[in-house]
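Shown next, in structure tokens, is the structure this report addresses.
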Amino acid sequence: MPTRYLKPGIRDSDRIEAVLEPNAEILFYRLLIVVDDFGRTDARPLMVKSECFPIRERVTADNCMQWMQILDKAHLIGLYEVGGKPYLQIAKWDNKPRAASSKYPDPPTDVCNRMQMLPVTETET
């Protein structure tokens with residue numbers, strides 16, 4: 001599992017402050033640990049539940065879907081589909097990836113624009 005460093009700006013982020021559902025905010029922090037080096041992951045609700053809340057029985061896939069929608073509306077993540085499969089992209093993801101490519105498809109341009117996403121730093125080849 002990759003090491004993630006949170007930047008001090010996370011404490012006073014207007015986007016995070018706009019999330020009024022505490023569990024949605026918790027999901028956001030857990031997603032930071034789950035996403036790949038490009039800030040992406042599978043967004044099927046059951047997969048998000050199993051990756052982010054593996055032992056928390058009271059959390060359901062439906063809860064995760066509701067919380068992801070809240071995070072999407074707050075522009076903290078971007079939800080998108082490719083080939084009928086749901087994915088998510090963390091907004092403003094600017095970590096330098098160690099992998100050459102993501103195992104998940106790129107989000108569409110409109111999703112990136114809506115999130116005001118920073119470009120992923122390219123790996124050196």
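In the structure tokens, chains take the letters A, B, ... in the order shown, each chain's residues start at 1, and ligands count up from 1 in the order shown.
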
Which residues of range 11-32 of chain A sit at most 8 Å from range 48-60 of chain A, using only C-alpha atoms? Give each one's shortest atom pair and distance in Å (one decimal place), in chain and ascending residue order, as CSV.
```
residue,atom,partner,partner_atom,distance
A:Leu27,CA,A:Cys52,CA,7.0
A:Arg30,CA,A:Cys52,CA,5.6
A:Leu31,CA,A:Cys52,CA,6.6
```

Grab the residues selected above and save them as a short mmCIF file (atom, residue, chain, number, x, y, z; two decimals), in the first residue's frame with N, CA, C and O atoms.
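Once everything was written out, this is out-v8.cif:
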```
data_model
loop_
_atom_site.label_atom_id
_atom_site.label_comp_id
_atom_site.auth_asym_id
_atom_site.auth_seq_id
_atom_site.Cartn_x
_atom_site.Cartn_y
_atom_site.Cartn_z
N LEU A 27 -15.33 8.95 4.68
CA LEU A 27 -15.11 8.19 3.45
C LEU A 27 -14.04 8.86 2.60
O LEU A 27 -13.17 8.17 2.05
N ARG A 30 -10.63 7.99 3.86
CA ARG A 30 -10.33 6.58 3.61
C ARG A 30 -10.06 6.33 2.13
O ARG A 30 -9.24 5.49 1.78
N LEU A 31 -10.75 7.06 1.27
CA LEU A 31 -10.48 6.92 -0.17
C LEU A 31 -9.06 7.34 -0.50
O LEU A 31 -8.44 6.79 -1.41
#
```

>> I'd like the contact shell of Ile26 in chain A - 12 Å cut-off, only C-alpha atoms, skipping same-chain residues fewer than 2 positions apart - returned as a list of chain:residue names.
In response: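 Using only C-alpha atoms, the neighbours found are A:Ile16, A:Val19, A:Leu20, A:Glu21, A:Pro22, A:Asn23, A:Ala24, A:Phe28, A:Tyr29, A:Arg30, A:Leu31, A:Leu32, A:Ile33, A:Cys52, A:Phe53, A:Val59, A:Asn63, A:Cys64, A:Trp67, A:Met68, A:Ile70, A:Leu71.
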
Restricting the output to N, CA, C and O atoms, write the selected residues as a PDB file, in the first residue's frame.
```
ATOM      1  N   ILE A  16     -13.901  20.599   1.725  1.00  0.00           N
ATOM      2  CA  ILE A  16     -14.152  19.640   2.806  1.00  0.00           C
ATOM      3  C   ILE A  16     -15.113  20.237   3.828  1.00  0.00           C
ATOM      4  O   ILE A  16     -16.011  19.559   4.322  1.00  0.00           O
ATOM      5  N   VAL A  19     -18.821  19.778   3.228  1.00  0.00           N
ATOM      6  CA  VAL A  19     -19.408  18.455   3.422  1.00  0.00           C
ATOM      7  C   VAL A  19     -19.976  18.398   4.837  1.00  0.00           C
ATOM      8  O   VAL A  19     -19.234  18.360   5.810  1.00  0.00           O
ATOM      9  N   LEU A  20     -21.300  18.417   4.934  1.00  0.00           N
ATOM     10  CA  LEU A  20     -21.952  18.471   6.238  1.00  0.00           C
ATOM     11  C   LEU A  20     -22.206  17.092   6.839  1.00  0.00           C
ATOM     12  O   LEU A  20     -22.529  16.998   8.024  1.00  0.00           O
ATOM     13  N   GLU A  21     -22.059  16.060   6.049  1.00  0.00           N
ATOM     14  CA  GLU A  21     -22.260  14.687   6.518  1.00  0.00           C
ATOM     15  C   GLU A  21     -20.916  14.145   6.997  1.00  0.00           C
ATOM     16  O   GLU A  21     -20.019  13.897   6.184  1.00  0.00           O
ATOM     17  N   PRO A  22     -20.736  13.966   8.314  1.00  0.00           N
ATOM     18  CA  PRO A  22     -19.444  13.504   8.838  1.00  0.00           C
ATOM     19  C   PRO A  22     -18.972  12.180   8.227  1.00  0.00           C
ATOM     20  O   PRO A  22     -17.774  12.003   7.991  1.00  0.00           O
ATOM     21  N   ASN A  23     -19.881  11.264   7.960  1.00  0.00           N
ATOM     22  CA  ASN A  23     -19.477   9.975   7.395  1.00  0.00           C
ATOM     23  C   ASN A  23     -18.964  10.113   5.964  1.00  0.00           C
ATOM     24  O   ASN A  23     -18.097   9.354   5.539  1.00  0.00           O
ATOM     25  N   ALA A  24     -19.480  11.073   5.232  1.00  0.00           N
ATOM     26  CA  ALA A  24     -18.971  11.322   3.883  1.00  0.00           C
ATOM     27  C   ALA A  24     -17.534  11.839   3.974  1.00  0.00           C
ATOM     28  O   ALA A  24     -16.675  11.449   3.181  1.00  0.00           O
ATOM     29  N   PHE A  28     -14.071  10.166   2.505  1.00  0.00           N
ATOM     30  CA  PHE A  28     -13.073  10.870   1.698  1.00  0.00           C
ATOM     31  C   PHE A  28     -11.659  10.553   2.180  1.00  0.00           C
ATOM     32  O   PHE A  28     -10.778  10.219   1.383  1.00  0.00           O
ATOM     33  N   TYR A  29     -11.419  10.628   3.484  1.00  0.00           N
ATOM     34  CA  TYR A  29     -10.083  10.351   4.010  1.00  0.00           C
ATOM     35  C   TYR A  29      -9.684   8.899   3.766  1.00  0.00           C
ATOM     36  O   TYR A  29      -8.526   8.614   3.471  1.00  0.00           O
ATOM     37  N   ARG A  30     -10.627   7.990   3.859  1.00  0.00           N
ATOM     38  CA  ARG A  30     -10.330   6.579   3.609  1.00  0.00           C
ATOM     39  C   ARG A  30     -10.061   6.332   2.126  1.00  0.00           C
ATOM     40  O   ARG A  30      -9.238   5.492   1.780  1.00  0.00           O
ATOM     41  N   LEU A  31     -10.753   7.058   1.268  1.00  0.00           N
ATOM     42  CA  LEU A  31     -10.483   6.922  -0.167  1.00  0.00           C
ATOM     43  C   LEU A  31      -9.057   7.344  -0.502  1.00  0.00           C
ATOM     44  O   LEU A  31      -8.439   6.789  -1.411  1.00  0.00           O
ATOM     45  N   LEU A  32      -8.525   8.321   0.210  1.00  0.00           N
ATOM     46  CA  LEU A  32      -7.151   8.767  -0.030  1.00  0.00           C
ATOM     47  C   LEU A  32      -6.155   7.624   0.135  1.00  0.00           C
ATOM     48  O   LEU A  32      -5.108   7.602  -0.507  1.00  0.00           O
ATOM     49  N   ILE A  33      -6.491   6.672   0.969  1.00  0.00           N
ATOM     50  CA  ILE A  33      -5.628   5.523   1.219  1.00  0.00           C
ATOM     51  C   ILE A  33      -5.824   4.439   0.162  1.00  0.00           C
ATOM     52  O   ILE A  33      -4.903   3.710  -0.173  1.00  0.00           O
ATOM     53  N   CYS A  52     -12.928   0.495   1.967  1.00  0.00           N
ATOM     54  CA  CYS A  52     -12.833   1.596   2.929  1.00  0.00           C
ATOM     55  C   CYS A  52     -13.345   1.262   4.324  1.00  0.00           C
ATOM     56  O   CYS A  52     -12.895   1.857   5.308  1.00  0.00           O
ATOM     57  N   PHE A  53     -14.285   0.349   4.408  1.00  0.00           N
ATOM     58  CA  PHE A  53     -14.885  -0.009   5.699  1.00  0.00           C
ATOM     59  C   PHE A  53     -14.981  -1.528   5.838  1.00  0.00           C
ATOM     60  O   PHE A  53     -16.071  -2.076   6.015  1.00  0.00           O
ATOM     61  N   VAL A  59     -21.875   0.044   8.196  1.00  0.00           N
ATOM     62  CA  VAL A  59     -21.764   0.752   6.923  1.00  0.00           C
ATOM     63  C   VAL A  59     -22.165  -0.193   5.805  1.00  0.00           C
ATOM     64  O   VAL A  59     -21.703  -1.325   5.731  1.00  0.00           O
ATOM     65  N   ASN A  63     -24.903   3.199   1.855  1.00  0.00           N
ATOM     66  CA  ASN A  63     -24.311   4.352   2.549  1.00  0.00           C
ATOM     67  C   ASN A  63     -23.166   4.920   1.731  1.00  0.00           C
ATOM     68  O   ASN A  63     -23.076   6.136   1.534  1.00  0.00           O
ATOM     69  N   CYS A  64     -22.295   4.037   1.255  1.00  0.00           N
ATOM     70  CA  CYS A  64     -21.128   4.480   0.488  1.00  0.00           C
ATOM     71  C   CYS A  64     -21.548   5.214  -0.777  1.00  0.00           C
ATOM     72  O   CYS A  64     -20.954   6.231  -1.133  1.00  0.00           O
ATOM     73  N   TRP A  67     -22.691   8.687   0.216  1.00  0.00           N
ATOM     74  CA  TRP A  67     -21.565   9.519   0.619  1.00  0.00           C
ATOM     75  C   TRP A  67     -20.714   9.908  -0.585  1.00  0.00           C
ATOM     76  O   TRP A  67     -20.214  11.032  -0.663  1.00  0.00           O
ATOM     77  N   MET A  68     -20.548   8.976  -1.543  1.00  0.00           N
ATOM     78  CA  MET A  68     -19.798   9.321  -2.753  1.00  0.00           C
ATOM     79  C   MET A  68     -20.515  10.421  -3.534  1.00  0.00           C
ATOM     80  O   MET A  68     -19.876  11.319  -4.076  1.00  0.00           O
ATOM     81  N   ILE A  70     -22.352  12.769  -2.252  1.00  0.00           N
ATOM     82  CA  ILE A  70     -22.096  14.005  -1.509  1.00  0.00           C
ATOM     83  C   ILE A  70     -20.707  14.544  -1.845  1.00  0.00           C
ATOM     84  O   ILE A  70     -20.533  15.744  -2.099  1.00  0.00           O
ATOM     85  N   LEU A  71     -19.726  13.661  -1.866  1.00  0.00           N
ATOM     86  CA  LEU A  71     -18.345  14.073  -2.186  1.00  0.00           C
ATOM     87  C   LEU A  71     -18.239  14.561  -3.624  1.00  0.00           C
ATOM     88  O   LEU A  71     -17.498  15.503  -3.910  1.00  0.00           O
TER      89      LEU A  71
END
```

>> Let me make sure I understand: among A:Arg40, A:Arg114, A:Arg15, A:Lys73, which one has the smallest atom-to-atom distance to Ile90 in chain A if we use only C-alpha atoms?
In response: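 Of all the options, A:Arg40 lies closest to Ile90 in chain A.
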
> Please, which residues of chain A, numbered as in this document, come out strand (DSSP E) from DSSP, as a PyMOL selection string?
Replying inline: chain A and resi 40-42+77-82+85-90

> Looking at A:Asp42, A:Asp12, A:Glu17, A:Asp36, which one is nearest to Gly84 in chain A, with distances taken over only C-alpha atoms?
Replying inline: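 Selected residue with least distance to Gly84 in chain A: A:Asp42.
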
> Any idea what the distance is between CA of Val35 in chain A and CA of Val82 in chain A?
Replying inline: 17.0 Å

> Quick one: distance from CA of Lys92 in chain A to CA of Asp14 in chain A in Å, one decimal?
Replying inline: 13.3 Å

>> Considering only C-alpha atoms, can you say which of A:Lys85, A:Arg98, A:Lys103, A:Arg11 comes closest to Pro45 in chain A?
In response: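 Comparing A:Lys85, A:Arg98, A:Lys103, A:Arg11 against Pro45 in chain A, the winner is A:Lys85.
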
> So, counting only C-alpha atoms, which residue among A:Ala18, A:Ile10, A:Ala43, A:Leu76 is closest to Tyr104 in chain A?
Replying inline: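 Of the candidates, the smallest distance to Tyr104 in chain A is held by A:Ala43.
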
> Would you give me, as a ChimeraX atom specification, the residues in range 35-118 of chain A that DSSP reads as alpha helix (DSSP H)?
Replying inline: /A:45-52,61-73,109-115

Using only C-alpha atoms, tabulate the residues of range 43-102 of chain A lying at most 10 Å from any atom of range 108-112 of chain A, each with its closest atom pair and that distance in Å to one decimal, by chain and increasing residue number, as CSV.
```
residue,atom,partner,partner_atom,distance
A:Asp72,CA,A:Val111,CA,9.9
A:His75,CA,A:Val111,CA,9.5
A:Ile77,CA,A:Val111,CA,9.2
A:Gly78,CA,A:Val111,CA,5.9
A:Leu79,CA,A:Val111,CA,7.6
A:Tyr80,CA,A:Val111,CA,7.3
A:Glu81,CA,A:Pro108,CA,8.8
A:Val82,CA,A:Pro108,CA,8.8
A:Leu88,CA,A:Val111,CA,9.8
A:Gln89,CA,A:Cys112,CA,8.6
A:Ile90,CA,A:Cys112,CA,9.7
A:Ala91,CA,A:Cys112,CA,7.7
A:Lys92,CA,A:Cys112,CA,9.1
```

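Taking CA of Pro105 in chain A and CA of Arg44 in chain A as the two end points, the separation is 14.3 Å.
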